[in-house]
$ cat structure_20.tsv   # TSV, C-alpha atoms
chain	number	residue	atom	x	y	z
A	1	MET	CA	0.00	0.00	0.00
A	2	ASN	CA	2.81	2.39	0.81
A	3	ARG	CA	4.41	1.66	-2.56
A	4	ARG	CA	1.09	2.21	-4.38
A	5	LYS	CA	0.49	5.47	-2.52
A	6	PHE	CA	4.02	6.64	-3.36
A	7	MET	CA	3.52	5.95	-7.07
A	8	GLN	CA	0.18	7.79	-7.08
A	9	THR	CA	1.70	10.75	-5.31
A	10	ALA	CA	4.68	10.85	-7.71
A	11	ALA	CA	2.37	10.67	-10.73
A	12	ALA	CA	0.26	13.49	-9.38
A	13	MET	CA	3.35	15.61	-8.76
A	14	THR	CA	4.64	14.95	-12.28
A	15	ALA	CA	1.30	15.88	-13.83
A	16	GLY	CA	1.20	19.00	-11.72
A	17	THR	CA	4.68	19.95	-12.85
A	18	VAL	CA	3.73	19.53	-16.53
A	19	LEU	CA	0.52	21.48	-16.07
A	20	SER	CA	2.30	24.29	-14.24
A	21	ALA	CA	4.96	24.47	-16.97
A	22	ALA	CA	2.51	24.38	-19.87
A	23	PRO	CA	1.15	27.91	-19.48
A	24	ALA	CA	4.72	29.30	-19.59
A	25	VAL	CA	5.28	27.66	-22.99
A	26	HIS	CA	1.97	28.77	-24.48
A	27	ALA	CA	2.22	32.23	-22.95
A	28	ARG	CA	5.29	33.15	-25.00
A	29	GLU	CA	4.42	36.35	-26.79
A	30	LYS	CA	3.61	36.29	-30.49
A	31	TYR	CA	4.35	39.16	-32.84
A	32	GLU	CA	2.46	40.18	-35.97
A	33	TRP	CA	4.62	42.38	-38.18
A	34	LYS	CA	4.25	44.30	-41.41
A	35	MET	CA	7.12	44.23	-43.92
A	36	VAL	CA	7.28	47.07	-46.43
A	37	THR	CA	9.54	46.71	-49.47
A	38	CYS	CA	10.96	48.71	-52.36
A	39	TRP	CA	10.01	46.00	-54.86
A	40	PRO	CA	6.90	44.85	-56.67
A	41	ARG	CA	5.58	41.86	-54.76
A	42	ASP	CA	6.15	39.32	-57.57
A	43	MET	CA	9.47	40.66	-58.87
A	44	PRO	CA	11.86	37.70	-59.10
A	45	GLY	CA	14.86	37.80	-56.83
A	46	LEU	CA	13.96	40.91	-54.87
A	47	GLY	CA	10.19	40.77	-54.37
A	48	THR	CA	10.13	37.00	-53.98
A	49	GLY	CA	13.27	37.20	-51.84
A	50	ALA	CA	11.56	39.52	-49.35
A	51	ALA	CA	8.67	37.06	-49.11
A	52	HIS	CA	11.13	34.19	-48.58
A	53	LEU	CA	12.78	36.07	-45.71
A	54	ALA	CA	9.39	36.59	-44.05
A	55	ARG	CA	8.60	32.88	-44.38
A	56	ILE	CA	11.85	31.64	-42.89
A	57	ILE	CA	11.59	34.02	-39.93
A	58	GLU	CA	8.13	32.62	-39.24
A	59	ARG	CA	9.32	29.01	-39.54
A	60	MET	CA	12.52	29.47	-37.55
A	61	SER	CA	10.61	31.22	-34.78
A	62	GLY	CA	8.00	28.45	-34.61
A	63	GLY	CA	5.30	30.91	-35.60
A	64	ARG	CA	6.10	33.38	-32.83
A	65	ILE	CA	6.78	36.05	-35.48
A	66	THR	CA	4.44	36.28	-38.46
A	67	ILE	CA	5.07	38.84	-41.17
A	68	LYS	CA	2.67	40.24	-43.76
A	69	VAL	CA	4.63	41.43	-46.79
A	70	PHE	CA	3.62	44.51	-48.77
A	71	GLY	CA	5.10	45.23	-52.19
A	72	ALA	CA	6.06	48.73	-53.31
A	73	GLY	CA	3.03	51.01	-53.24
A	74	GLU	CA	0.75	48.54	-51.45
A	75	PHE	CA	1.24	50.08	-47.99
A	76	VAL	CA	3.66	52.93	-48.67
A	77	PRO	CA	5.50	54.02	-51.86
A	78	ALA	CA	8.81	52.28	-52.53
A	79	PHE	CA	11.06	55.07	-51.33
A	80	GLU	CA	9.05	55.66	-48.13
A	81	THR	CA	9.80	52.27	-46.61
A	82	PHE	CA	12.68	53.70	-44.57
A	83	ASP	CA	10.48	56.27	-42.82
A	84	ALA	CA	7.58	53.85	-42.38
A	85	VAL	CA	9.77	51.48	-40.35
A	86	ALA	CA	11.63	54.23	-38.47
A	87	GLN	CA	8.29	55.73	-37.39
A	88	GLY	CA	6.80	52.36	-36.40
A	89	LYS	CA	4.12	52.22	-39.10
A	90	ALA	CA	5.71	48.90	-40.11
A	91	GLN	CA	8.12	46.76	-38.11
A	92	ILE	CA	10.49	45.62	-40.88
A	93	GLY	CA	11.61	46.82	-44.30
A	94	HIS	CA	13.46	45.47	-47.32
A	95	GLY	CA	15.25	47.84	-49.69
A	96	GLY	CA	18.53	49.22	-50.99
A	97	ALA	CA	20.66	51.46	-48.78
A	98	TYR	CA	21.57	53.86	-51.61
A	99	TYR	CA	17.91	54.89	-51.71
A	100	TRP	CA	18.52	56.63	-48.37
A	101	LYS	CA	21.58	58.65	-49.43
A	102	ASN	CA	19.61	61.89	-49.31
A	103	ARG	CA	19.79	61.46	-45.53
A	104	HIS	CA	23.52	60.68	-45.48
A	105	GLU	CA	25.87	59.80	-48.31
A	106	ALA	CA	27.39	57.05	-46.17
A	107	PHE	CA	24.33	54.88	-46.81
A	108	SER	CA	25.63	54.25	-50.36
A	109	PHE	CA	28.57	52.27	-48.97
A	110	PHE	CA	26.14	49.69	-47.63
A	111	ALA	CA	24.63	49.07	-51.07
A	112	ALA	CA	27.18	49.46	-53.87
A	113	ILE	CA	30.24	51.54	-54.68
A	114	PRO	CA	31.37	51.96	-58.31
A	115	PHE	CA	34.33	49.64	-58.99
A	116	GLY	CA	34.05	48.48	-55.37
A	117	LEU	CA	33.38	45.22	-53.56
A	118	ASN	CA	31.58	42.33	-55.24
A	119	ALA	CA	28.89	40.29	-53.49
A	120	HIS	CA	31.30	37.87	-51.80
A	121	GLU	CA	33.67	40.64	-50.70
A	122	MET	CA	30.77	42.76	-49.47
A	123	ILE	CA	29.38	40.17	-47.07
A	124	THR	CA	32.84	39.40	-45.73
A	125	TRP	CA	33.40	43.12	-45.03
A	126	MET	CA	30.09	43.17	-43.20
A	127	GLN	CA	30.89	40.10	-41.09
A	128	PHE	CA	34.65	40.30	-40.61
A	129	GLY	CA	35.78	43.81	-41.64
A	130	GLY	CA	33.73	46.08	-39.38
A	131	GLY	CA	30.96	46.84	-41.88
A	132	GLN	CA	28.09	45.65	-39.66
A	133	GLU	CA	29.16	47.84	-36.77
A	134	LEU	CA	29.31	50.93	-39.00
A	135	MET	CA	25.98	50.04	-40.58
A	136	ASP	CA	24.43	49.71	-37.11
A	137	GLU	CA	25.74	53.16	-36.22
A	138	ILE	CA	24.29	55.06	-39.18
A	139	TYR	CA	20.93	53.26	-39.18
A	140	GLY	CA	20.72	53.63	-35.41
A	141	ARG	CA	20.56	57.41	-35.83
A	142	TYR	CA	17.18	56.85	-37.49
A	143	ASN	CA	15.78	54.36	-34.97
A	144	LEU	CA	16.58	51.35	-37.17
A	145	LYS	CA	18.45	48.08	-36.76
A	146	PRO	CA	19.88	46.78	-40.07
A	147	PHE	CA	21.25	43.52	-41.44
A	148	PRO	CA	22.35	42.40	-44.89
A	149	GLY	CA	19.19	40.90	-46.39
A	150	GLY	CA	20.17	39.88	-49.91
A	151	THR	CA	22.33	40.70	-52.91
A	152	THR	CA	21.81	40.84	-56.64
A	153	GLY	CA	25.46	40.00	-57.23
A	154	THR	CA	27.16	41.84	-60.09
A	155	GLN	CA	24.69	43.85	-62.13
A	156	MET	CA	24.55	44.80	-65.80
A	157	GLY	CA	25.60	48.18	-67.15
A	158	GLY	CA	22.09	49.11	-68.24
A	159	TRP	CA	19.74	49.61	-71.18
A	160	TYR	CA	20.46	52.39	-73.66
A	161	ASN	CA	18.74	53.81	-76.72
A	162	LYS	CA	22.03	55.13	-78.06
A	163	GLU	CA	25.49	53.62	-78.31
A	164	ILE	CA	28.15	54.64	-75.84
A	165	THR	CA	31.36	55.04	-77.79
A	166	SER	CA	33.03	57.81	-75.75
A	167	ILE	CA	32.69	59.43	-72.35
A	168	ASN	CA	31.03	62.44	-74.02
A	169	ASP	CA	27.99	60.31	-74.89
A	170	PHE	CA	26.83	60.65	-71.29
A	171	LYS	CA	26.38	64.42	-71.65
A	172	GLY	CA	22.69	65.28	-71.63
A	173	LEU	CA	21.70	61.62	-71.30
A	174	ARG	CA	18.56	61.16	-69.20
A	175	ILE	CA	19.26	58.01	-67.22
A	176	ARG	CA	17.76	56.14	-64.30
A	177	MET	CA	20.63	55.24	-61.96
A	178	PRO	CA	20.63	55.40	-58.14
A	179	GLY	CA	23.49	55.74	-55.69
A	180	LEU	CA	27.02	56.95	-56.32
A	181	GLY	CA	26.92	55.54	-59.86
A	182	GLY	CA	24.31	58.19	-60.60
A	183	THR	CA	26.50	60.82	-58.96
A	184	VAL	CA	29.37	59.83	-61.26
A	185	LEU	CA	27.24	60.11	-64.40
A	186	GLY	CA	25.85	63.42	-63.17
A	187	ARG	CA	29.44	64.66	-62.87
A	188	LEU	CA	29.88	63.70	-66.54
A	189	GLY	CA	26.86	65.72	-67.64
A	190	ALA	CA	24.03	63.18	-67.51
A	191	GLU	CA	20.59	64.02	-66.16
A	192	VAL	CA	20.16	61.42	-63.44
A	193	ILE	CA	16.67	60.30	-62.42
A	194	ASN	CA	15.78	57.88	-59.63
A	195	LEU	CA	12.76	55.64	-60.21
A	196	PRO	CA	11.47	52.50	-58.48
A	197	GLY	CA	11.62	49.29	-60.48
A	198	ASP	CA	7.98	49.22	-61.49
A	199	LYS	CA	8.23	52.66	-63.15
A	200	ILE	CA	11.28	52.00	-65.35
A	201	TYR	CA	9.69	50.29	-68.34
A	202	HIS	CA	7.09	53.00	-68.91
A	203	ALA	CA	9.65	55.81	-68.56
A	204	LEU	CA	12.03	54.11	-70.99
A	205	HIS	CA	9.33	53.13	-73.48
A	206	SER	CA	7.75	56.59	-73.47
A	207	LYS	CA	11.15	58.26	-74.05
A	208	ALA	CA	10.88	60.14	-70.75
A	209	ILE	CA	14.37	58.75	-70.15
A	210	ASP	CA	17.06	57.64	-72.62
A	211	ALA	CA	18.61	54.88	-70.56
A	212	ALA	CA	18.15	52.93	-67.35
A	213	GLU	CA	19.82	50.32	-65.26
A	214	TRP	CA	17.89	48.03	-62.98
A	215	SER	CA	19.57	44.83	-62.02
A	216	ALA	CA	20.62	41.69	-63.86
A	217	PRO	CA	19.26	39.58	-66.75
A	218	PHE	CA	16.97	37.58	-64.44
A	219	ASP	CA	15.00	40.71	-63.49
A	220	ASP	CA	15.49	42.68	-66.70
A	221	LEU	CA	13.95	39.89	-68.79
A	222	ARG	CA	10.84	39.80	-66.59
A	223	LEU	CA	10.49	43.60	-66.77
A	224	GLU	CA	10.68	43.30	-70.60
A	225	LEU	CA	13.15	46.18	-70.78
A	226	TYR	CA	14.37	44.74	-74.10
A	227	LYS	CA	11.13	46.09	-75.62
A	228	ALA	CA	12.02	49.64	-74.58
A	229	ALA	CA	15.74	49.98	-75.38
A	230	LYS	CA	18.11	48.88	-78.15
A	231	TYR	CA	21.37	48.18	-76.36
A	232	TYR	CA	22.22	46.13	-73.26
A	233	TYR	CA	25.60	47.14	-71.82
A	234	TRP	CA	28.08	45.43	-69.55
A	235	PRO	CA	29.92	45.36	-67.16
A	236	GLY	CA	27.94	46.84	-64.25
A	237	TRP	CA	30.79	49.11	-63.13
A	238	HIS	CA	28.43	51.10	-60.90
A	239	GLU	CA	27.13	48.09	-58.88
A	240	PRO	CA	29.66	45.25	-58.73
A	241	GLY	CA	27.86	43.48	-55.87
A	242	THR	CA	24.74	45.27	-54.67
A	243	MET	CA	23.68	44.50	-51.10
A	244	ILE	CA	20.02	44.60	-50.11
A	245	ASP	CA	19.26	45.82	-46.61
A	246	CYS	CA	16.75	44.39	-44.17
A	247	PHE	CA	16.01	46.90	-41.43
A	248	MET	CA	13.76	46.80	-38.38
A	249	ASN	CA	12.35	49.42	-36.07
A	250	LYS	CA	15.09	49.51	-33.45
A	251	GLN	CA	12.76	49.67	-30.46
A	252	VAL	CA	10.72	46.76	-31.78
A	253	TYR	CA	13.86	44.69	-32.43
A	254	GLU	CA	15.42	45.41	-29.05
A	255	SER	CA	12.19	44.49	-27.25
A	256	LEU	CA	12.41	40.91	-28.59
A	257	PRO	CA	13.86	38.09	-26.47
A	258	ASP	CA	17.42	37.06	-27.26
A	259	ASP	CA	16.47	33.93	-29.20
A	260	LEU	CA	14.19	35.82	-31.61
A	261	ARG	CA	16.81	38.50	-32.21
A	262	GLU	CA	19.31	35.79	-33.12
A	263	ILE	CA	16.77	34.03	-35.37
A	264	ILE	CA	16.23	37.27	-37.31
A	265	ARG	CA	19.97	37.86	-37.65
A	266	GLN	CA	20.58	34.36	-38.98
A	267	ALA	CA	17.53	34.52	-41.26
A	268	CYS	CA	18.84	37.74	-42.84
A	269	PHE	CA	22.23	36.19	-43.60
A	270	ALA	CA	20.47	33.13	-45.01
A	271	SER	CA	18.36	35.44	-47.17
A	272	TYR	CA	21.53	37.09	-48.50
A	273	ASN	CA	22.71	33.72	-49.81
A	274	HIS	CA	19.26	32.67	-51.02
A	275	ILE	CA	18.72	35.76	-53.19
A	276	TRP	CA	22.31	35.68	-54.48
A	277	SER	CA	21.95	32.02	-55.41
A	278	GLU	CA	18.67	32.65	-57.20
A	279	TYR	CA	20.24	35.35	-59.35
A	280	SER	CA	23.31	33.22	-60.02
A	281	ALA	CA	21.15	30.26	-61.03
A	282	ASN	CA	19.00	32.27	-63.45
A	283	ASN	CA	21.12	35.08	-64.90
A	284	GLY	CA	22.93	32.88	-67.43
A	285	ALA	CA	19.82	31.38	-69.01
A	286	SER	CA	18.06	34.76	-68.96
A	287	LEU	CA	20.98	36.41	-70.75
A	288	VAL	CA	21.02	33.75	-73.46
A	289	GLU	CA	17.27	34.21	-73.95
A	290	LEU	CA	17.65	37.97	-74.27
A	291	ILE	CA	20.35	37.58	-76.91
A	292	GLN	CA	19.04	34.60	-78.87
A	293	LYS	CA	15.26	34.95	-78.61
A	294	HIS	CA	14.83	38.70	-78.34
A	295	ASN	CA	17.86	39.74	-80.43
A	296	VAL	CA	19.16	42.15	-77.81
A	297	ARG	CA	22.23	44.10	-78.93
A	298	PHE	CA	24.66	43.02	-76.23
A	299	LYS	CA	27.60	45.45	-75.94
A	300	ARG	CA	30.58	46.06	-73.70
A	301	PHE	CA	31.50	49.57	-72.59
A	302	PRO	CA	34.70	50.58	-74.42
A	303	GLU	CA	37.79	50.27	-72.28
A	304	ARG	CA	38.60	53.97	-72.54
A	305	VAL	CA	35.10	54.75	-71.22
A	306	LEU	CA	35.56	52.38	-68.27
A	307	VAL	CA	38.92	53.93	-67.42
A	308	LYS	CA	37.38	57.40	-67.30
A	309	LEU	CA	34.41	56.15	-65.28
A	310	ALA	CA	36.81	54.58	-62.78
A	311	LYS	CA	38.78	57.82	-62.45
A	312	VAL	CA	35.69	59.95	-61.84
A	313	SER	CA	34.28	57.32	-59.46
A	314	LEU	CA	37.40	57.51	-57.30
A	315	GLU	CA	37.17	61.31	-57.23
A	316	VAL	CA	33.51	61.20	-56.18
A	317	VAL	CA	34.07	58.62	-53.44
A	318	GLU	CA	37.13	60.43	-52.04
A	319	GLU	CA	35.23	63.74	-51.98
A	320	PHE	CA	32.37	62.07	-50.17
A	321	ALA	CA	34.79	60.67	-47.59
A	322	GLU	CA	35.88	64.17	-46.61
A	323	LYS	CA	32.37	65.44	-45.86
A	324	ASP	CA	32.27	64.43	-42.19
A	325	PRO	CA	34.10	62.21	-39.68
A	326	PHE	CA	31.67	59.30	-39.97
A	327	SER	CA	31.97	59.21	-43.77
A	328	LYS	CA	35.75	59.15	-43.38
A	329	ARG	CA	35.55	56.19	-41.01
A	330	VAL	CA	33.32	54.26	-43.39
A	331	PHE	CA	35.56	55.05	-46.35
A	332	ASP	CA	38.73	54.03	-44.49
A	333	SER	CA	37.19	50.74	-43.34
A	334	TYR	CA	35.76	49.91	-46.76
A	335	ASN	CA	38.87	50.93	-48.70
A	336	THR	CA	41.27	49.04	-46.43
A	337	PHE	CA	39.19	45.90	-46.77
A	338	ARG	CA	38.78	46.45	-50.54
A	339	LYS	CA	42.54	46.49	-51.14
A	340	ARG	CA	43.05	43.21	-49.28
A	341	ALA	CA	40.03	41.48	-50.81
A	342	ILE	CA	40.77	42.45	-54.40
A	343	GLY	CA	44.37	41.35	-54.04
A	344	TRP	CA	43.14	37.83	-53.34
A	345	SER	CA	40.31	37.94	-55.87
A	346	GLN	CA	42.70	38.74	-58.69
A	347	ILE	CA	44.64	35.53	-58.19
A	348	GLY	CA	41.64	33.54	-56.99
A	349	GLU	CA	38.19	33.73	-58.60
A	350	GLU	CA	39.13	36.28	-61.29
A	351	ALA	CA	42.16	34.31	-62.46
A	352	CYS	CA	40.13	31.10	-62.69
A	353	SER	CA	37.36	32.87	-64.61
A	354	LEU	CA	39.85	34.24	-67.12
A	355	ALA	CA	41.46	30.83	-67.49
A	356	ARG	CA	38.08	29.24	-68.26
A	357	SER	CA	37.36	31.81	-70.94
A	358	LEU	CA	40.54	30.91	-72.84
A	359	THR	CA	38.99	27.73	-74.16
A	360	GLN	CA	35.30	28.47	-74.60
A	361	SER	CA	32.68	31.23	-74.67
A	362	TYR	CA	29.65	30.09	-72.73
A	363	LEU	CA	27.37	32.52	-74.57
A	364	ASP	CA	27.76	30.66	-77.88

$ encode --input "structure_20.tsv" --output "structure tokens"
Amino acid sequence: MNRRKFMQTAAAMTAGTVLSAAPAVHAREKYEWKMVTCWPRDMPGLGTGAAHLARIIERMSGGRITIKVFGAGEFVPAFETFDAVAQGKAQIGHGGAYYWKNRHEAFSFFAAIPFGLNAHEMITWMQFGGGQELMDEIYGRYNLKPFPGGTTGTQMGGWYNKEITSINDFKGLRIRMPGLGGTVLGRLGAEVINLPGDKIYHALHSKAIDAAEWSAPFDDLRLELYKAAKYYYWPGWHEPGTMIDCFMNKQVYESLPDDLREIIRQACFASYNHIWSEYSANNGASLVELIQKHNVRFKRFPERVLVKLAKVSLEVVEEFAEKDPFSKRVFDSYNTFRKRAIGWSQIGEEACSLARSLTQSYLD
């Protein structure tokens, strides 16, 4: 009897322990967020990449964070995503840091610098070269917490309705180009216009602009930009490895428990690789389709043009670095890392790519 009573008592205590613990598990707070983006909802790579990030945060958090994604213009216009998140109208945003350069030129360094870091070099600067800490500092001034949230990889040089044979061909050219690349072309006499992705085709087709760059063949094919311009130029000197930023309202982010903050951080880095891989997997086939099916006139910028663009780009970036102490710190960090990274790249990936091209053109 004593043994039976002991077992009954133990069972009752165990059940009581489980029941007392259960409310703590189920009482964990759940968060319903809005994500605003700079991209049309169904745009491949960027729009679908933002949706993928929202999904993996939900899955990794076990449903504790759910995110409703809004494409450009569905909740706020594309270029108002920054303010919407900073002001708490939405909890999380997905965009490109050079869209915020009217607030501070240093934002451009966290998107793309002409003749600067490629996608692999960019993420290593962020993780191991001090880039994340500097990014935290500038976004923090606007009540935001940022992470790398994707990359397009190396972009194309853009769509033109006139050939570029000399540097003087940029004079008077009306072109859509954001960031410091646009600043460089403005220095060379172009009329630079910034437009969100869903406005480019109409502006180009209607002759409101003469040229535009958007991204890479994967996106450009879907936007049907080949119907609005004659020439497709490479290389994308202005955006050698464009990083996409994922940014959260800082107060909202800091109010989360430690495990959810870490889940978001890891999800953002995973999203960087996911979007980059999607572009890498699709750009080659998309480029072949543009050339072979749509008869796009595929052209390389003349070397003398690239040399001049590189010279003016360096002047613009160095001038920017002297504007204020923070810009100088960002420039010094980025440039120091750039020199080391490119030194390796030239004998690593670049050398192997050149060696492969000696025997076969893969665009045949």

$ closest_atom_pairs --input "structure_20.tsv" --of "stretch 96-208 of chain A" --to "stretch 261-277 of chain A" --cutoff "8 Å" --atoms "all atoms listed in the file" --output "JSON lines"
{"residue": "A:Phe147", "atom": "CA", "partner": "A:Cys268", "partner_atom": "CA", "distance": 6.4}
{"residue": "A:Pro148", "atom": "CA", "partner": "A:Cys268", "partner_atom": "CA", "distance": 6.2}
{"residue": "A:Gly149", "atom": "CA", "partner": "A:Cys268", "partner_atom": "CA", "distance": 4.8}
{"residue": "A:Gly150", "atom": "CA", "partner": "A:Tyr272", "partner_atom": "CA", "distance": 3.4}
{"residue": "A:Thr151", "atom": "CA", "partner": "A:Trp276", "partner_atom": "CA", "distance": 5.3}
{"residue": "A:Thr152", "atom": "CA", "partner": "A:Trp276", "partner_atom": "CA", "distance": 5.6}
{"residue": "A:Gly153", "atom": "CA", "partner": "A:Trp276", "partner_atom": "CA", "distance": 6.0}

$ write_last_selection --input "structure_20.tsv" --atoms "C-alpha atoms" --output "mmCIF file, in the coordinates of the input"
data_model
loop_
_atom_site.group_PDB
_atom_site.id
_atom_site.type_symbol
_atom_site.label_atom_id
_atom_site.label_comp_id
_atom_site.auth_asym_id
_atom_site.auth_seq_id
_atom_site.Cartn_x
_atom_site.Cartn_y
_atom_site.Cartn_z
ATOM 1 C CA PHE A 147 21.250 43.520 -41.440
ATOM 2 C CA PRO A 148 22.350 42.400 -44.890
ATOM 3 C CA GLY A 149 19.190 40.900 -46.390
ATOM 4 C CA GLY A 150 20.170 39.880 -49.910
ATOM 5 C CA THR A 151 22.330 40.700 -52.910
ATOM 6 C CA THR A 152 21.810 40.840 -56.640
ATOM 7 C CA GLY A 153 25.460 40.000 -57.230
#

$ residues_around --input "structure_20.tsv" --residues "A:Asp259" --least-positions-apart "6" --cutoff "12 Å" --atoms "all atoms listed in the file" --output "list in words"
Arg28, Ile57, Met60, Ser61, Gly62, Arg64, Ile65, Tyr253, Arg265 and Gln266 of chain A

$ residues_around --input "structure_20.tsv" --residues "A:Lys171" --least-positions-apart "5" --cutoff "12 Å" --atoms "only C-alpha atoms" --output "list in words"
Ile164, Ser166, Val184, Leu185, Gly186, Arg187, Leu188, Gly189, Ala190, Glu191, Val192 and Asp210 of chain A

$ closest_atom_pairs --input "structure_20.tsv" --of "stretch 199-283 of chain A" --to "stretch 90-99 of chain A" --cutoff "10 Å" --atoms "only C-alpha atoms" --output "tab-separated table"
residue	atom	partner	partner_atom	distance
A:Thr242	CA	A:Gly96	CA	8.2
A:Met243	CA	A:Gly96	CA	7.0
A:Ile244	CA	A:Gly96	CA	4.9
A:Asp245	CA	A:Gly95	CA	5.4
A:Cys246	CA	A:His94	CA	4.7
A:Phe247	CA	A:Gly93	CA	5.3
A:Met248	CA	A:Ile92	CA	4.3
A:Asn249	CA	A:Gln91	CA	5.4
A:Lys250	CA	A:Gln91	CA	8.8
A:Gln251	CA	A:Gln91	CA	9.4
A:Val252	CA	A:Gln91	CA	6.8
A:Tyr253	CA	A:Gln91	CA	8.3

$ residues_around --input "structure_20.tsv" --residues "A:Ala321" --least-positions-apart "4" --cutoff "6 Å" --atoms "all atoms listed in the file" --output "PyMOL selection string"
chain A and resi 327-328+331

$ closest_residue --input "structure_20.tsv" --among "A:Phe128, A:Trp33, A:Phe82, A:Tyr139" --to "A:Phe110" --atoms "only C-alpha atoms"
A:Tyr139

$ atom_distance --input "structure_20.tsv" --atom1 "atom CA of A:Ser286" --atom2 "atom CA of A:Pro217"
5.4 Å

$ residues_around --input "structure_20.tsv" --residues "A:Gly45" --least-positions-apart "2" --cutoff "8 Å" --atoms "all atoms listed in the file" --output "MDAnalysis selection string"
chainID A and resid 43 47:49 152 218:219 275 278:279

$ closest_residue --input "structure_20.tsv" --among "A:Ile123, A:Ile193, A:Met156, A:Leu358" --to "A:Phe337" --atoms "only C-alpha atoms"
A:Ile123

$ atom_distance --input "structure_20.tsv" --atom1 "atom CA of A:Thr336" --atom2 "atom CA of A:Phe115"
14.4 Å

$ atom_distance --input "structure_20.tsv" --atom1 "atom CA of A:Ala228" --atom2 "atom CA of A:Ile209"
10.4 Å

$ residues_around --input "structure_20.tsv" --residues "A:Leu309" --least-positions-apart "4" --cutoff "12 Å" --atoms "only C-alpha atoms" --output "ChimeraX atom specification"
/A:114-115,166-168,170,180-188,235-238,301-305,313-316

$ axis_aligned_box --input "structure_20.tsv" --around "stretch 349-354 of chain A" --padding-each-side "3 Å" --output "AutoDock Vina command-line options"
--center_x 39.8 --center_y 33.7 --center_z -62.9 --size_x 10.8 --size_y 11.2 --size_z 14.5

$ closest_residue --input "structure_20.tsv" --among "A:Phe70, A:Phe107, A:Phe320, A:Phe75" --to "A:Ala54" --atoms "all atoms listed in the file"
A:Phe70

$ closest_residue --input "structure_20.tsv" --among "A:Met177, A:Asn335, A:Leu260, A:Gly140" --to "A:Trp125" --atoms "only C-alpha atoms"
A:Asn335

$ closest_residue --input "structure_20.tsv" --among "A:Trp344, A:Phe298, A:Trp159, A:Phe79" --to "A:Leu195" --atoms "all atoms listed in the file"
A:Phe79

$ closest_residue --input "structure_20.tsv" --among "A:Glu29, A:Glu349, A:Glu318, A:Glu213" --to "A:Ile175" --atoms "only C-alpha atoms"
A:Glu213

$ decode --input "structure_20.tsv" --residues "stretch 103-114 of chain A" --atoms "N, CA and C atoms" --output "mmCIF file, in the first residue's frame"
data_model
loop_
_atom_site.group_PDB
_atom_site.id
_atom_site.type_symbol
_atom_site.label_atom_id
_atom_site.label_comp_id
_atom_site.auth_asym_id
_atom_site.auth_seq_id
_atom_site.Cartn_x
_atom_site.Cartn_y
_atom_site.Cartn_z
ATOM 1 N N ARG A 103 19.655 61.218 -46.963
ATOM 2 C CA ARG A 103 19.795 61.456 -45.526
ATOM 3 C C ARG A 103 21.259 61.538 -45.133
ATOM 4 N N HIS A 104 22.066 60.670 -45.736
ATOM 5 C CA HIS A 104 23.516 60.684 -45.478
ATOM 6 C C HIS A 104 24.182 59.892 -46.593
ATOM 7 N N GLU A 105 25.201 60.473 -47.198
ATOM 8 C CA GLU A 105 25.874 59.802 -48.314
ATOM 9 C C GLU A 105 26.473 58.458 -47.914
ATOM 10 N N ALA A 106 26.758 58.289 -46.620
ATOM 11 C CA ALA A 106 27.391 57.047 -46.171
ATOM 12 C C ALA A 106 26.518 55.827 -46.411
ATOM 13 N N PHE A 107 25.202 56.026 -46.549
ATOM 14 C CA PHE A 107 24.330 54.883 -46.814
ATOM 15 C C PHE A 107 24.740 54.157 -48.095
ATOM 16 N N SER A 108 25.264 54.873 -49.080
ATOM 17 C CA SER A 108 25.632 54.247 -50.355
ATOM 18 C C SER A 108 26.663 53.144 -50.173
ATOM 19 N N PHE A 109 27.537 53.277 -49.183
ATOM 20 C CA PHE A 109 28.570 52.268 -48.973
ATOM 21 C C PHE A 109 27.987 50.923 -48.569
ATOM 22 N N PHE A 110 26.758 50.927 -48.065
ATOM 23 C CA PHE A 110 26.136 49.688 -47.630
ATOM 24 C C PHE A 110 25.195 49.133 -48.691
ATOM 25 N N ALA A 111 25.356 49.620 -49.913
ATOM 26 C CA ALA A 111 24.630 49.074 -51.068
ATOM 27 C C ALA A 111 25.634 48.720 -52.150
ATOM 28 N N ALA A 112 26.220 49.724 -52.788
ATOM 29 C CA ALA A 112 27.179 49.462 -53.867
ATOM 30 C C ALA A 112 28.028 50.700 -54.106
ATOM 31 N N ILE A 113 29.300 50.478 -54.337
ATOM 32 C CA ILE A 113 30.237 51.537 -54.677
ATOM 33 C C ILE A 113 30.813 51.240 -56.061
ATOM 34 N N PRO A 114 30.807 52.206 -56.980
ATOM 35 C CA PRO A 114 31.372 51.961 -58.307
ATOM 36 C C PRO A 114 32.800 51.407 -58.230
#
